[in-house]
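Here is query_19.pdb, consisting of PDB, C-alpha atoms, pLDDT in the B column:
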```pdb
ATOM      1  CA  MET A   1       0.874 -18.113 -19.795  1.00 79.00           C
ATOM      2  CA  PRO A   2      -0.654 -14.585 -20.041  1.00 85.00           C
ATOM      3  CA  PHE A   3       0.306 -12.038 -17.390  1.00 88.00           C
ATOM      4  CA  THR A   4      -3.052 -11.129 -15.864  1.00 89.00           C
ATOM      5  CA  TYR A   5      -2.706  -8.342 -13.287  1.00 91.00           C
ATOM      6  CA  THR A   6      -0.579  -6.870 -10.518  1.00 93.00           C
ATOM      7  CA  GLY A   7      -1.671  -6.957  -6.889  1.00 92.00           C
ATOM      8  CA  ILE A   8      -0.383  -4.400  -4.407  1.00 90.00           C
ATOM      9  CA  ARG A   9      -0.754  -4.397  -0.631  1.00 88.00           C
ATOM     10  CA  VAL A  10      -2.356  -1.225   0.719  1.00 89.00           C
ATOM     11  CA  ARG A  11      -2.601   0.180   4.250  1.00 87.00           C
ATOM     12  CA  ASP A  12      -5.871   2.102   3.792  1.00 89.00           C
ATOM     13  CA  LEU A  13      -8.269   0.581   1.252  1.00 93.00           C
ATOM     14  CA  LYS A  14     -10.577   3.612   0.974  1.00 94.00           C
ATOM     15  CA  ARG A  15      -7.675   6.034   0.514  1.00 92.00           C
ATOM     16  CA  SER A  16      -6.057   3.831  -2.139  1.00 93.00           C
ATOM     17  CA  LEU A  17      -9.346   3.296  -3.987  1.00 95.00           C
ATOM     18  CA  THR A  18      -9.934   7.050  -4.099  1.00 94.00           C
ATOM     19  CA  PHE A  19      -6.408   7.689  -5.376  1.00 91.00           C
ATOM     20  CA  TYR A  20      -6.448   5.046  -8.117  1.00 93.00           C
ATOM     21  CA  THR A  21      -9.964   5.930  -9.328  1.00 93.00           C
ATOM     22  CA  LYS A  22     -10.054   9.725  -8.964  1.00 93.00           C
ATOM     23  CA  VAL A  23      -6.407  10.537  -9.669  1.00 84.00           C
ATOM     24  CA  MET A  24      -5.258   7.698 -11.917  1.00 88.00           C
ATOM     25  CA  GLY A  25      -8.541   7.136 -13.776  1.00 90.00           C
ATOM     26  CA  LEU A  26      -8.978   3.408 -13.066  1.00 94.00           C
ATOM     27  CA  LYS A  27     -12.460   1.908 -12.706  1.00 97.00           C
ATOM     28  CA  LYS A  28     -13.494  -0.495  -9.944  1.00 98.00           C
ATOM     29  CA  ILE A  29     -14.687  -3.756 -11.505  1.00 97.00           C
ATOM     30  CA  LEU A  30     -14.711  -6.252  -8.631  1.00 97.00           C
ATOM     31  CA  ARG A  31     -14.671  -6.418  -4.832  1.00 97.00           C
ATOM     32  CA  GLY A  32     -14.272  -9.554  -2.776  1.00 96.00           C
ATOM     33  CA  ARG A  33     -13.117 -11.222   0.409  1.00 94.00           C
ATOM     34  CA  MET A  34     -10.182 -13.603   0.583  1.00 90.00           C
ATOM     35  CA  ASN A  35     -10.286 -16.876   2.512  1.00 85.00           C
ATOM     36  CA  ALA A  36      -7.430 -15.553   4.660  1.00 84.00           C
ATOM     37  CA  GLY A  37      -9.484 -12.577   5.907  1.00 89.00           C
ATOM     38  CA  GLY A  38      -8.338  -9.934   3.453  1.00 93.00           C
ATOM     39  CA  ILE A  39     -10.322  -7.724   1.087  1.00 96.00           C
ATOM     40  CA  PHE A  40      -9.478  -7.141  -2.564  1.00 96.00           C
ATOM     41  CA  LEU A  41     -10.591  -4.605  -5.130  1.00 97.00           C
ATOM     42  CA  GLN A  42      -9.835  -5.096  -8.804  1.00 97.00           C
ATOM     43  CA  LEU A  43      -9.455  -1.972 -10.895  1.00 96.00           C
ATOM     44  CA  LYS A  44      -9.175  -1.699 -14.659  1.00 95.00           C
ATOM     45  CA  ASP A  45      -7.693   0.966 -16.844  1.00 93.00           C
ATOM     46  CA  PRO A  46     -10.442   1.828 -19.379  1.00 92.00           C
ATOM     47  CA  ARG A  47      -7.749   2.772 -21.914  1.00 87.00           C
ATOM     48  CA  SER A  48      -5.987  -0.580 -21.787  1.00 87.00           C
ATOM     49  CA  ARG A  49      -6.523  -4.139 -20.628  1.00 84.00           C
ATOM     50  CA  GLN A  50      -4.300  -3.685 -17.583  1.00 90.00           C
ATOM     51  CA  ARG A  51      -5.667  -4.423 -14.143  1.00 95.00           C
ATOM     52  CA  LEU A  52      -4.524  -3.499 -10.668  1.00 94.00           C
ATOM     53  CA  GLU A  53      -5.662  -5.349  -7.565  1.00 94.00           C
ATOM     54  CA  LEU A  54      -5.646  -3.561  -4.226  1.00 94.00           C
ATOM     55  CA  ASN A  55      -5.188  -6.026  -1.361  1.00 92.00           C
ATOM     56  CA  TYR A  56      -5.953  -5.072   2.220  1.00 93.00           C
ATOM     57  CA  TYR A  57      -5.209  -7.383   5.155  1.00 92.00           C
ATOM     58  CA  PRO A  58      -6.685  -5.960   8.385  1.00 92.00           C
ATOM     59  CA  PRO A  59      -5.088  -6.693  11.759  1.00 91.00           C
ATOM     60  CA  GLY A  60      -5.897 -10.288  12.673  1.00 89.00           C
ATOM     61  CA  ALA A  61      -5.997 -11.473   9.049  1.00 89.00           C
ATOM     62  CA  LYS A  62      -3.716 -14.402   8.254  1.00 88.00           C
ATOM     63  CA  TYR A  63      -1.398 -12.364   5.996  1.00 86.00           C
ATOM     64  CA  HIS A  64      -1.475  -9.065   7.914  1.00 87.00           C
ATOM     65  CA  GLU A  65       1.944  -7.624   8.621  1.00 83.00           C
ATOM     66  CA  ARG A  66       3.178  -4.348   9.993  1.00 82.00           C
ATOM     67  CA  PHE A  67       3.916  -2.007   7.134  1.00 75.00           C
ATOM     68  CA  ARG A  68       7.511  -1.782   6.054  1.00 74.00           C
ATOM     69  CA  SER A  69       8.812  -0.102   2.942  1.00 69.00           C
ATOM     70  CA  GLY A  70       9.040  -2.625   0.138  1.00 70.00           C
ATOM     71  CA  SER A  71       6.026  -4.715   1.161  1.00 73.00           C
ATOM     72  CA  GLU A  72       3.630  -2.889  -1.160  1.00 79.00           C
ATOM     73  CA  LEU A  73       3.972  -5.295  -4.108  1.00 85.00           C
ATOM     74  CA  ASP A  74       1.679  -8.088  -3.046  1.00 84.00           C
ATOM     75  CA  HIS A  75       1.904 -10.464  -6.014  1.00 90.00           C
ATOM     76  CA  LEU A  76       2.029 -10.946  -9.770  1.00 85.00           C
ATOM     77  CA  ALA A  77      -0.866 -12.929 -11.255  1.00 90.00           C
ATOM     78  CA  PHE A  78      -0.780 -15.276 -14.250  1.00 90.00           C
ATOM     79  CA  TRP A  79      -3.755 -16.995 -15.887  1.00 91.00           C
ATOM     80  CA  GLU A  80      -3.047 -20.708 -16.279  1.00 91.00           C
ATOM     81  CA  ARG A  81      -5.130 -23.568 -17.712  1.00 92.00           C
ATOM     82  CA  ASP A  82      -3.776 -26.179 -15.303  1.00 95.00           C
ATOM     83  CA  VAL A  83      -2.913 -24.458 -12.032  1.00 96.00           C
ATOM     84  CA  ASP A  84      -1.855 -27.663 -10.255  1.00 97.00           C
ATOM     85  CA  ARG A  85       0.539 -28.758 -13.013  1.00 95.00           C
ATOM     86  CA  LYS A  86       2.102 -25.305 -13.354  1.00 93.00           C
ATOM     87  CA  TYR A  87       2.500 -24.999  -9.576  1.00 96.00           C
ATOM     88  CA  GLN A  88       4.459 -28.257  -9.448  1.00 96.00           C
ATOM     89  CA  GLN A  89       6.551 -27.153 -12.438  1.00 93.00           C
ATOM     90  CA  MET A  90       7.394 -23.885 -10.697  1.00 93.00           C
ATOM     91  CA  LEU A  91       8.416 -25.681  -7.488  1.00 94.00           C
ATOM     92  CA  ALA A  92      10.662 -28.005  -9.482  1.00 94.00           C
ATOM     93  CA  ASN A  93      12.369 -24.992 -11.059  1.00 93.00           C
ATOM     94  CA  GLY A  94      13.328 -22.704  -8.213  1.00 89.00           C
ATOM     95  CA  ALA A  95      10.053 -21.428  -6.751  1.00 92.00           C
ATOM     96  CA  THR A  96       9.052 -22.150  -3.165  1.00 93.00           C
ATOM     97  CA  LYS A  97       5.646 -22.954  -1.670  1.00 97.00           C
ATOM     98  CA  ALA A  98       3.460 -20.134  -0.437  1.00 95.00           C
ATOM     99  CA  VAL A  99      -0.150 -21.420  -0.676  1.00 95.00           C
ATOM    100  CA  GLU A 100      -0.829 -24.807  -2.268  1.00 97.00           C
ATOM    101  CA  PRO A 101      -3.547 -25.082  -4.954  1.00 97.00           C
ATOM    102  CA  PHE A 102      -7.096 -24.620  -3.678  1.00 95.00           C
ATOM    103  CA  SER A 103     -10.556 -23.938  -5.023  1.00 94.00           C
ATOM    104  CA  GLY A 104     -12.529 -20.809  -4.300  1.00 83.00           C
ATOM    105  CA  GLY A 105     -14.648 -20.058  -7.354  1.00 88.00           C
ATOM    106  CA  TYR A 106     -11.461 -20.335  -9.366  1.00 92.00           C
ATOM    107  CA  ARG A 107      -8.473 -22.646  -9.007  1.00 96.00           C
ATOM    108  CA  LEU A 108      -5.722 -20.700  -7.235  1.00 95.00           C
ATOM    109  CA  ALA A 109      -2.203 -21.246  -5.941  1.00 97.00           C
ATOM    110  CA  PHE A 110       0.654 -19.045  -4.785  1.00 95.00           C
ATOM    111  CA  ALA A 111       4.383 -19.670  -5.033  1.00 93.00           C
ATOM    112  CA  LYS A 112       7.358 -17.442  -4.273  1.00 91.00           C
ATOM    113  CA  ASP A 113       9.888 -16.698  -6.980  1.00 88.00           C
ATOM    114  CA  PRO A 114      13.604 -17.137  -6.147  1.00 81.00           C
ATOM    115  CA  ASP A 115      13.649 -13.622  -4.626  1.00 70.00           C
ATOM    116  CA  GLY A 116      10.527 -14.177  -2.521  1.00 83.00           C
ATOM    117  CA  ILE A 117       8.016 -12.301  -4.697  1.00 83.00           C
ATOM    118  CA  TRP A 118       4.624 -13.993  -4.587  1.00 90.00           C
ATOM    119  CA  ILE A 119       3.211 -15.286  -7.874  1.00 90.00           C
ATOM    120  CA  GLU A 120      -0.469 -16.183  -8.144  1.00 93.00           C
ATOM    121  CA  LEU A 121      -1.643 -18.839 -10.549  1.00 93.00           C
ATOM    122  CA  LEU A 122      -5.288 -18.339 -11.436  1.00 93.00           C
ATOM    123  CA  GLY A 123      -7.440 -20.613 -13.565  1.00 95.00           C
ATOM    124  CA  LYS A 124     -10.894 -21.991 -14.088  1.00 94.00           C
ATOM    125  CA  GLU A 125     -12.135 -24.719 -11.784  1.00 89.00           C
ATOM    126  CA  ARG A 126     -11.569 -28.093 -13.377  1.00 78.00           C
ATOM    127  CA  ARG A 127     -14.843 -29.930 -13.624  1.00 67.00           C
ATOM    128  CA  ALA A 128     -14.889 -33.434 -12.274  1.00 50.00           C
ATOM    129  CA  ARG A 129     -14.681 -35.891 -15.097  1.00 35.00           C
ATOM    130  CA  ARG A 130     -17.535 -38.299 -15.433  1.00 38.00           C
ATOM    131  CA  ARG A 131     -16.654 -41.808 -14.463  1.00 41.00           C
ATOM    132  CA  ALA A 132     -16.457 -44.329 -17.277  1.00 42.00           C
ATOM    133  CA  GLY A 133     -19.718 -46.184 -17.586  1.00 44.00           C
ATOM    134  CA  SER A 134     -21.823 -43.639 -15.682  1.00 41.00           C
ATOM    135  CA  THR A 135     -25.125 -42.625 -17.190  1.00 42.00           C
ATOM    136  CA  ASN A 136     -27.445 -39.695 -16.741  1.00 42.00           C
ATOM    137  CA  VAL A 137     -30.930 -40.619 -15.589  1.00 36.00           C
TER     138      VAL A 137
END
```
In structure tokens, write the structure found in this file.
Amino acid sequence: MPFTYTGIRVRDLKRSLTFYTKVMGLKKILRGRMNAGGIFLQLKDPRSRQRLELNYYPPGAKYHERFRSGSELDHLAFWERDVDRKYQQMLANGATKAVEPFSGGYRLAFAKDPDGIWIELLGKERRARRRAGSTNV
């Protein structure tokens, strides 16, 4: 299971984007909205394959919380072929539920490790298998 990227929670998305692009030399490669009301920006280091995701949860978003030191690490992300199977395996081996598998362009799920750190499982959507005996017309 390849380690894919690290997501950190930020208090000011514009300030953090400026810092990580202008000061640290990362390049913005993707921006999106989360189902839970947050905004994410994915950055990539042009000198390596490493990625950093900036996650911002505005007041009123499902996962918004008042800032407290230590809440900056949002999650660790792992690419997985079968998100649902791996999620169940993690739960059976010490992880706890955070967000059950769902579809949103990709197949996603979140579990908490034994210390409470969120782990994202990210994979391709599984295409529905054709039913036996069906034909294309």
Can you pull out the residues contacting A:Val99? Cut-off 7 Å, using all atoms listed in the file, and skip same-chain residues under 5 positions away; I want them as a PDB file with C-alpha atoms, in the coordinates of the input.
```
ATOM      1  CA  ALA A 109      -2.203 -21.246  -5.941  1.00 97.00           C
ATOM      2  CA  PHE A 110       0.654 -19.045  -4.785  1.00 95.00           C
ATOM      3  CA  ALA A 111       4.383 -19.670  -5.033  1.00 93.00           C
TER       4      ALA A 111
END
```
field: Surrounding residues of A:Ser71 excluding itself and chain neighbours under 3 positions, 12 Å, only C-alpha atoms, as a ChimeraX atom specification
entry: /A:7-11,55,63-68,74-75,116-118
task: Please measure the separation of atom CA of A:Phe3 and atom CA of A:Leu76, giving the value in Å to one decimal.
output: 7.9 Å
query: From the set A:Pro58, A:Pro114, A:Pro2, A:Gly104, which residue has the shortest atom-to-atom contact distance to A:Ile39, counting all atoms listed in the file?
result: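 Closest to A:Ile39 of all the choices is A:Pro58.
Closest to A:Arg33 among A:Ala92, A:Gly70, A:Arg47, A:Ala61 is A:Ala61, based on all atoms listed in the file.
Rounded to one decimal, atom CA of A:Gly32 and atom CA of A:Leu17 lie 13.8 Å from each other.
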message: If we draw a sphere of 12 Å around (-3.0, -29.0, -12.1), which residues have at least one atom in it when counting all atoms listed in the file? Please report them as a VMD selection string.
response: chain A and resid 80 to 90 100 to 103 107 to 109 121 to 127
message: Nearest residue to A:Thr6 out of A:Asp115, A:Asp45, A:Glu53, A:Glu120, using all atoms listed in the file?
response: A:Glu53
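Distance-wise, atom CA of A:Trp79 and atom CA of A:Gly105 end up 14.2 Å apart.
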Draw an axis-aligned box over all listed atoms of stretch 102-120 of chain A, pad each side with 5 Å, and write its centre and edge lengths in Å, one decimal, as JSON.
```
{"center_x": -0.5, "center_y": -18.5, "center_z": -5.9, "size_x": 38.3, "size_y": 22.3, "size_z": 16.8}
```
- request: Find the spatial neighbours of A:Ile29, counting all atoms listed in the file, within a cut-off of 7 Å - ignore same-chain residues fewer than 3 positions away - and output them as a ChimeraX atom specification.
  value: /A:42-44
- request: Rank nothing, just name the residue among A:Leu41, A:Asp12, A:Thr18, A:Ser48 nearest to A:Glu72, using only C-alpha atoms.
  value: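 The shortest atom-to-atom distance to A:Glu72 comes from A:Asp12.
Using all atoms listed in the file, the shortest contact distance between A:Tyr56 and any of A:Val23, A:Ala36, A:Ala95, A:Met1 is found at A:Ala36.
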message: Please determine, counting all atoms listed in the file, which residue among A:Arg51, A:Lys112, A:Lys14, A:Lys62 has the shortest atom-to-atom distance to A:Leu30.
response: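 For A:Leu30, the nearest of the given residues is A:Arg51.
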Restore N, CA and C atoms in stretch 36-48 of chain A and list the result as a compact mmCIF listing (two decimals), keeping the file's coordinate frame.
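Dumped everything to out-v2.txt:
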```txt
# COMPACT_ATOMS: atom_id res chain seq x y z
N ALA A 36 -8.35 -15.86 3.56
CA ALA A 36 -7.43 -15.55 4.66
C ALA A 36 -7.81 -14.28 5.41
N GLY A 37 -9.01 -13.73 5.16
CA GLY A 37 -9.48 -12.58 5.91
C GLY A 37 -9.22 -11.23 5.28
N GLY A 38 -8.62 -11.20 4.12
CA GLY A 38 -8.34 -9.93 3.45
C GLY A 38 -9.48 -9.50 2.54
N ILE A 39 -9.36 -8.29 2.04
CA ILE A 39 -10.32 -7.72 1.09
C ILE A 39 -9.55 -7.32 -0.15
N PHE A 40 -10.13 -7.58 -1.34
CA PHE A 40 -9.48 -7.14 -2.56
C PHE A 40 -10.44 -6.32 -3.40
N LEU A 41 -9.86 -5.40 -4.14
CA LEU A 41 -10.59 -4.61 -5.13
C LEU A 41 -9.82 -4.71 -6.43
N GLN A 42 -10.50 -5.09 -7.50
CA GLN A 42 -9.84 -5.10 -8.80
C GLN A 42 -10.26 -3.84 -9.56
N LEU A 43 -9.26 -3.19 -10.12
CA LEU A 43 -9.46 -1.97 -10.90
C LEU A 43 -8.96 -2.23 -12.31
N LYS A 44 -9.58 -1.53 -13.26
CA LYS A 44 -9.18 -1.70 -14.66
C LYS A 44 -8.97 -0.33 -15.28
N ASP A 45 -7.94 -0.25 -16.09
CA ASP A 45 -7.69 0.97 -16.84
C ASP A 45 -8.60 0.92 -18.07
N PRO A 46 -9.53 1.87 -18.23
CA PRO A 46 -10.44 1.83 -19.38
C PRO A 46 -9.73 2.05 -20.72
N ARG A 47 -8.48 2.52 -20.68
CA ARG A 47 -7.75 2.77 -21.91
C ARG A 47 -6.89 1.59 -22.33
N SER A 48 -6.79 0.59 -21.47
CA SER A 48 -5.99 -0.58 -21.79
C SER A 48 -6.63 -1.80 -21.13
```
